[in-house]
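To start, the structure under review is shown below, and the notes come after it.
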Amino acid sequence: MPIRVAILTVSDRSSKGERPDTSGVALAEAVAAQGWEVSARGVVPDEQAQISSQLIEWCDSQKVDLILTTGGTGFAPRDITPEATQAIIHRSAPGLIEAMRSESLKVTPHGMLSRAVAGIRGKTIIINLPGNPKGAVENLQVVLAVIPHAVELLQEHPQAEAHHRII
């Protein structure tokens, strides 16, 4: 069964139609290349209530295994995606962000300016990614290998524990 993914672009300008959603498109292509299913896509402005509301809707419907957000993770005054995400997750997943930040620093010192968070709501993983298309895809590539196992664990698939056996 393919992993079901939702992609949420957080951008004032893209939500108004003033700028194309290139990051969402790039992430959708990267997800499709994995053989995963893009179940939903959306664009919202940098407004905490709208971001949180969309995340809750997708998580609580249990129709997606993974939500990727793109945008709103930096230092700009309206960058509030991490706060919107933190407000609705049940459990934090800092290792994903630590790995992404570590790899980002190999590319640019600006990687340390990321305030992204990752976490779990119900049985859905949420990962904040940069708003830049290249940065979003590069960060996603860092965690791609662990996502299938993480989804198996959250879905309580019997084969999930097989990855932990000592041979």
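Residue numbering restarts at 1 for every chain of the structure tokens, chains are lettered A, B, ... in their displayed order, and ligands are numbered from 1 as they appear.
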Exercise. Where does DSSP see strand (DSSP E or B) in segment 49-167 of chain A, if you list the residues as a PyMOL selection string?
Worked result: chain A and resi 66-70+91-92+118-121+124-129
Problem set entry | Who sits within 9 Å of segment 2-16 of chain A, only C-alpha atoms, same chain under 3 positions skipped, as number ranges by chain | A: 19-21, 23-24, 27-28, 31, 35-47, 51, 54-55, 58, 63-72, 79, 81, 131, 147-148, 151
Take the residues that were just selected and, keeping C-alpha atoms, output them as a CSV table (one decimal), in the first residue's frame.
```csv
chain,number,residue,atom,x,y,z
A,19,ARG,CA,3.1,33.6,-7.1
A,20,PRO,CA,2.9,30.0,-8.4
A,21,ASP,CA,3.3,27.2,-5.8
A,23,SER,CA,7.5,24.2,-3.8
A,24,GLY,CA,4.3,22.2,-3.6
A,27,LEU,CA,7.4,18.1,-3.4
A,28,ALA,CA,4.6,16.4,-5.3
A,31,VAL,CA,6.7,12.1,-3.5
A,35,GLY,CA,5.7,5.6,-5.6
A,36,TRP,CA,3.7,7.4,-2.9
A,37,GLU,CA,0.3,8.9,-3.4
A,38,VAL,CA,-0.4,12.6,-3.2
A,39,SER,CA,-3.8,12.5,-1.6
A,40,ALA,CA,-4.3,16.2,-1.0
A,41,ARG,CA,-2.7,19.5,-1.7
A,42,GLY,CA,-3.5,22.9,-0.4
A,43,VAL,CA,-2.2,26.5,-0.2
A,44,VAL,CA,-2.9,28.7,2.8
A,45,PRO,CA,-1.6,32.1,3.9
A,46,ASP,CA,0.8,32.6,6.8
A,47,GLU,CA,-2.1,32.5,9.3
A,51,ILE,CA,-2.5,26.3,8.9
A,54,GLN,CA,-5.9,22.3,7.6
A,55,LEU,CA,-3.4,20.1,9.4
A,58,TRP,CA,-6.1,16.1,7.2
A,63,LYS,CA,-6.8,9.7,5.0
A,64,VAL,CA,-3.1,10.6,5.0
A,65,ASP,CA,0.0,9.0,6.5
A,66,LEU,CA,2.3,12.0,6.0
A,67,ILE,CA,1.8,15.8,5.8
A,68,LEU,CA,4.6,17.9,4.3
A,69,THR,CA,4.4,21.6,4.8
A,70,THR,CA,6.5,24.0,2.8
A,71,GLY,CA,7.1,27.5,3.8
A,72,GLY,CA,6.9,29.7,6.9
A,79,ASP,CA,6.8,32.7,9.5
A,81,THR,CA,4.3,27.3,10.4
A,131,GLY,CA,9.6,27.2,1.3
A,147,ILE,CA,9.3,7.4,6.5
A,148,PRO,CA,8.0,3.9,5.4
A,151,VAL,CA,4.3,4.9,8.9
```
Exercise. Residues of chain A in alpha helix (DSSP H) according to DSSP, as an MDAnalysis selection string?
Worked result: chainID A and resid 12:15 22:33 48:60 81:86 94:105 133:143 147:155
Exercise. For Ala150 of chain A, which of A:Ala30, A:Leu129, A:Met1, A:Leu96 is the closest residue, counting only C-alpha atoms?
Worked result: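 Going through A:Ala30, A:Leu129, A:Met1, A:Leu96 one by one, the smallest distance to Ala150 of chain A is for A:Leu96.
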For this session: Work out how far apart atom CA of Glu156 of chain A and atom CA of Val143 of chain A are and give it in Å to one decimal.
Result: 20.1 Å
For this session: Determine the nearest neighbour of Thr108 of chain A from the options A:Ala76, A:His90, A:Glu138, A:Ile126, counting only C-alpha atoms.
Result: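 When distances to Thr108 of chain A are compared using only C-alpha atoms, the smallest one comes from A:Glu138.
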For this session: Using atom CA of Arg91 of chain A and atom CA of Asp60 of chain A as the two end points, give the distance in Å to one decimal.
Result: 14.6 Å
Exercise. Quick one: of A:Gln141, A:Ile88, A:Ser61, A:Gly122, who's nearest to Glu103 of chain A, counting only C-alpha atoms?
Worked result: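 Among the listed residues, A:Gln141 lies closest to Glu103 of chain A.
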Exercise. What is the distance between atom CA of Ile125 of chain A and atom CA of Gln50 of chain A, in Å to one decimal?
Worked result: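 Going from atom CA of Ile125 of chain A over to atom CA of Gln50 of chain A, I get 18.5 Å.
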Exercise. Closest to Gln155 of chain A among A:Gln34, A:Gln62, A:Ser104, A:Thr85, using only C-alpha atoms?
Worked result: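 Counting only C-alpha atoms, the residue closest to Gln155 of chain A is A:Gln62.
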Please list as a CSV table (one decimal) with C-alpha atoms, in the first residue's frame every residue within 7 Å of segment 114-118 of chain A, counting only C-alpha atoms and excluding residues in the same chain fewer than 6 positions away.
```
chain,number,residue,atom,x,y,z
A,73,THR,CA,9.8,28.1,8.9
A,74,GLY,CA,12.3,30.9,9.0
A,82,PRO,CA,6.3,25.7,13.3
A,92,SER,CA,7.2,15.6,18.8
A,93,ALA,CA,9.6,13.9,16.3
A,94,PRO,CA,12.8,16.0,16.7
A,96,LEU,CA,13.7,14.1,11.7
A,97,ILE,CA,14.4,17.8,12.0
A,126,ILE,CA,3.8,16.1,10.0
A,127,ILE,CA,7.1,17.5,8.7
A,128,ASN,CA,7.8,21.2,8.1
A,129,LEU,CA,10.1,21.9,5.1
```
